[in-house]
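Worksheet for the structure shown next.
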Amino acid sequence: MATGETRYGNQLLSVPAQRRDGTRLSLEFSIVLLRQPGGDLLGIGAFMRDVTARWQREKALQARLAALEARASQAGLSGEGGPG
């Protein structure tokens with residue numbers, strides 16, 4: 001931070017989190033540097049978003065895909081190539 005730049009730039013970051021009641025959630029956030037008109041660093045801000053529902057849907061899709069690939073493998077279907 002001494003340079004006034006974050007090492008993540010404009011990259012969106014993802015982290016697991018936990019509410020006070022113990023429930024788990026997934027967060028995405030970005031960090032921005034707040035500057036005065038002259039360019040001096042004034043402070044830091046963070047924008048956070050709860051993406052738990054999206055993360056759960058993605059995990060369910062991954063599990064479904066893995067199950068379907070396992071069934072295809074057991075049935076002798078490779079998914080590569082094709083007729084002809």
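Going by the structure tokens order, chains are called A, B, ..., each with residues numbered from 1, while ligands are numbered from 1 in the order shown.
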If we count only C-alpha atoms and set the cut-off at 9 Å, which residues sit around region 38-53 of chain A, ignoring sequence neighbours fewer than 5 positions away in its own chain? Please answer as a short mmCIF file (atom, residue, chain, number, x, y, z; two decimals) with N, CA and C atoms, in the first residue's frame.
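Below you can see around.cif, which holds the result:
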data_model
loop_
_atom_site.label_atom_id
_atom_site.label_comp_id
_atom_site.auth_asym_id
_atom_site.auth_seq_id
_atom_site.Cartn_x
_atom_site.Cartn_y
_atom_site.Cartn_z
N GLY A 4 0.49 3.18 -3.06
CA GLY A 4 -0.82 3.70 -3.41
C GLY A 4 -1.57 2.82 -4.37
N ARG A 24 -22.83 -19.93 6.65
CA ARG A 24 -21.73 -19.63 5.74
C ARG A 24 -22.27 -18.98 4.48
N LEU A 25 -21.45 -18.15 3.86
CA LEU A 25 -21.81 -17.50 2.62
C LEU A 25 -20.57 -17.27 1.79
N SER A 26 -20.80 -16.94 0.53
CA SER A 26 -19.71 -16.63 -0.39
C SER A 26 -19.82 -15.16 -0.77
N LEU A 27 -18.69 -14.47 -0.74
CA LEU A 27 -18.66 -13.05 -1.07
C LEU A 27 -17.72 -12.79 -2.24
N GLU A 28 -18.09 -11.83 -3.06
CA GLU A 28 -17.19 -11.26 -4.06
C GLU A 28 -16.99 -9.82 -3.67
N PHE A 29 -15.77 -9.33 -3.84
CA PHE A 29 -15.54 -7.94 -3.51
C PHE A 29 -14.40 -7.37 -4.33
N SER A 30 -14.40 -6.07 -4.43
CA SER A 30 -13.28 -5.37 -5.06
C SER A 30 -12.88 -4.23 -4.13
N ILE A 31 -11.64 -3.87 -4.23
CA ILE A 31 -11.08 -2.80 -3.39
C ILE A 31 -10.71 -1.63 -4.29
N VAL A 32 -11.07 -0.44 -3.86
CA VAL A 32 -10.71 0.76 -4.61
C VAL A 32 -9.99 1.73 -3.69
N LEU A 33 -9.08 2.46 -4.28
CA LEU A 33 -8.36 3.50 -3.54
C LEU A 33 -9.07 4.82 -3.78
N GLU A 58 -23.73 -23.19 -9.06
CA GLU A 58 -22.55 -23.67 -9.80
C GLU A 58 -22.06 -24.99 -9.25
#
Please identify the helix (DSSP H, G or I) residues within chain A (assignment by DSSP from backbone atoms) and present them as a PyMOL selection string.
chain A and resi 52-74
Using the selection just defined, write its residues with N, CA and C atoms as a PDB file, in the first residue's frame.
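Ended up saving to out_0.pdb:
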ATOM      1  N   THR A  52     -23.728 -16.218  -2.657  1.00  0.00           N
ATOM      2  CA  THR A  52     -23.939 -17.574  -2.154  1.00  0.00           C
ATOM      3  C   THR A  52     -24.865 -18.380  -3.060  1.00  0.00           C
ATOM      4  N   ALA A  53     -25.989 -17.803  -3.476  1.00  0.00           N
ATOM      5  CA  ALA A  53     -26.954 -18.534  -4.314  1.00  0.00           C
ATOM      6  C   ALA A  53     -26.313 -18.946  -5.635  1.00  0.00           C
ATOM      7  N   ARG A  54     -25.568 -18.041  -6.250  1.00  0.00           N
ATOM      8  CA  ARG A  54     -24.907 -18.380  -7.510  1.00  0.00           C
ATOM      9  C   ARG A  54     -23.865 -19.476  -7.296  1.00  0.00           C
ATOM     10  N   TRP A  55     -23.096 -19.365  -6.229  1.00  0.00           N
ATOM     11  CA  TRP A  55     -22.075 -20.361  -5.928  1.00  0.00           C
ATOM     12  C   TRP A  55     -22.708 -21.731  -5.708  1.00  0.00           C
ATOM     13  N   GLN A  56     -23.843 -21.782  -5.004  1.00  0.00           N
ATOM     14  CA  GLN A  56     -24.525 -23.050  -4.763  1.00  0.00           C
ATOM     15  C   GLN A  56     -25.049 -23.655  -6.068  1.00  0.00           C
ATOM     16  N   ARG A  57     -25.576 -22.816  -6.967  1.00  0.00           N
ATOM     17  CA  ARG A  57     -26.036 -23.312  -8.275  1.00  0.00           C
ATOM     18  C   ARG A  57     -24.870 -23.883  -9.080  1.00  0.00           C
ATOM     19  N   GLU A  58     -23.728 -23.187  -9.065  1.00  0.00           N
ATOM     20  CA  GLU A  58     -22.553 -23.666  -9.802  1.00  0.00           C
ATOM     21  C   GLU A  58     -22.062 -24.994  -9.248  1.00  0.00           C
ATOM     22  N   LYS A  59     -22.041 -25.144  -7.925  1.00  0.00           N
ATOM     23  CA  LYS A  59     -21.613 -26.404  -7.312  1.00  0.00           C
ATOM     24  C   LYS A  59     -22.579 -27.528  -7.675  1.00  0.00           C
ATOM     25  N   ALA A  60     -23.883 -27.252  -7.688  1.00  0.00           N
ATOM     26  CA  ALA A  60     -24.875 -28.267  -8.064  1.00  0.00           C
ATOM     27  C   ALA A  60     -24.696 -28.672  -9.525  1.00  0.00           C
ATOM     28  N   LEU A  61     -24.435 -27.708 -10.400  1.00  0.00           N
ATOM     29  CA  LEU A  61     -24.204 -28.022 -11.814  1.00  0.00           C
ATOM     30  C   LEU A  61     -22.949 -28.863 -11.995  1.00  0.00           C
ATOM     31  N   GLN A  62     -21.889 -28.549 -11.246  1.00  0.00           N
ATOM     32  CA  GLN A  62     -20.659 -29.330 -11.332  1.00  0.00           C
ATOM     33  C   GLN A  62     -20.894 -30.763 -10.882  1.00  0.00           C
ATOM     34  N   ALA A  63     -21.666 -30.926  -9.807  1.00  0.00           N
ATOM     35  CA  ALA A  63     -21.964 -32.271  -9.312  1.00  0.00           C
ATOM     36  C   ALA A  63     -22.803 -33.034 -10.335  1.00  0.00           C
ATOM     37  N   ARG A  64     -23.776 -32.382 -10.937  1.00  0.00           N
ATOM     38  CA  ARG A  64     -24.624 -33.024 -11.952  1.00  0.00           C
ATOM     39  C   ARG A  64     -23.791 -33.431 -13.172  1.00  0.00           C
ATOM     40  N   LEU A  65     -22.900 -32.539 -13.605  1.00  0.00           N
ATOM     41  CA  LEU A  65     -22.032 -32.848 -14.740  1.00  0.00           C
ATOM     42  C   LEU A  65     -21.140 -34.052 -14.435  1.00  0.00           C
ATOM     43  N   ALA A  66     -20.574 -34.094 -13.244  1.00  0.00           N
ATOM     44  CA  ALA A  66     -19.721 -35.216 -12.858  1.00  0.00           C
ATOM     45  C   ALA A  66     -20.522 -36.516 -12.856  1.00  0.00           C
ATOM     46  N   ALA A  67     -21.763 -36.478 -12.362  1.00  0.00           N
ATOM     47  CA  ALA A  67     -22.607 -37.671 -12.337  1.00  0.00           C
ATOM     48  C   ALA A  67     -22.931 -38.130 -13.758  1.00  0.00           C
ATOM     49  N   LEU A  68     -23.259 -37.189 -14.629  1.00  0.00           N
ATOM     50  CA  LEU A  68     -23.567 -37.539 -16.015  1.00  0.00           C
ATOM     51  C   LEU A  68     -22.343 -38.094 -16.742  1.00  0.00           C
ATOM     52  N   GLU A  69     -21.178 -37.517 -16.489  1.00  0.00           N
ATOM     53  CA  GLU A  69     -19.954 -38.032 -17.105  1.00  0.00           C
ATOM     54  C   GLU A  69     -19.650 -39.438 -16.615  1.00  0.00           C
ATOM     55  N   ALA A  70     -19.905 -39.697 -15.336  1.00  0.00           N
ATOM     56  CA  ALA A  70     -19.676 -41.039 -14.792  1.00  0.00           C
ATOM     57  C   ALA A  70     -20.628 -42.043 -15.444  1.00  0.00           C
ATOM     58  N   ARG A  71     -21.889 -41.658 -15.618  1.00  0.00           N
ATOM     59  CA  ARG A  71     -22.858 -42.550 -16.281  1.00  0.00           C
ATOM     60  C   ARG A  71     -22.463 -42.803 -17.727  1.00  0.00           C
ATOM     61  N   ALA A  72     -22.010 -41.748 -18.413  1.00  0.00           N
ATOM     62  CA  ALA A  72     -21.593 -41.904 -19.812  1.00  0.00           C
ATOM     63  C   ALA A  72     -20.381 -42.824 -19.897  1.00  0.00           C
ATOM     64  N   SER A  73     -19.469 -42.699 -18.956  1.00  0.00           N
ATOM     65  CA  SER A  73     -18.278 -43.543 -18.940  1.00  0.00           C
ATOM     66  C   SER A  73     -18.659 -45.012 -18.699  1.00  0.00           C
ATOM     67  N   GLN A  74     -19.579 -45.240 -17.783  1.00  0.00           N
ATOM     68  CA  GLN A  74     -20.025 -46.598 -17.497  1.00  0.00           C
ATOM     69  C   GLN A  74     -20.753 -47.207 -18.685  1.00  0.00           C
TER      70      GLN A  74
END
When DSSP is applied to the backbone of this structure, which of chain A are assigned strand (DSSP E or B)? Write them out as a list in words.
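Those in chain A that DSSP calls strand (DSSP E or B) are Leu13, Ser14, Val15, Pro16, Ala17, Gln18, Arg24, Leu25, Ser26, Leu27, Glu28, Phe29, Ser30, Ile31, Val32, Leu33, Leu34, Arg35, Leu41, Leu42, Gly43, Ile44, Gly45, Ala46, Phe47, Met48, Arg49 and Asp50 of chain A.
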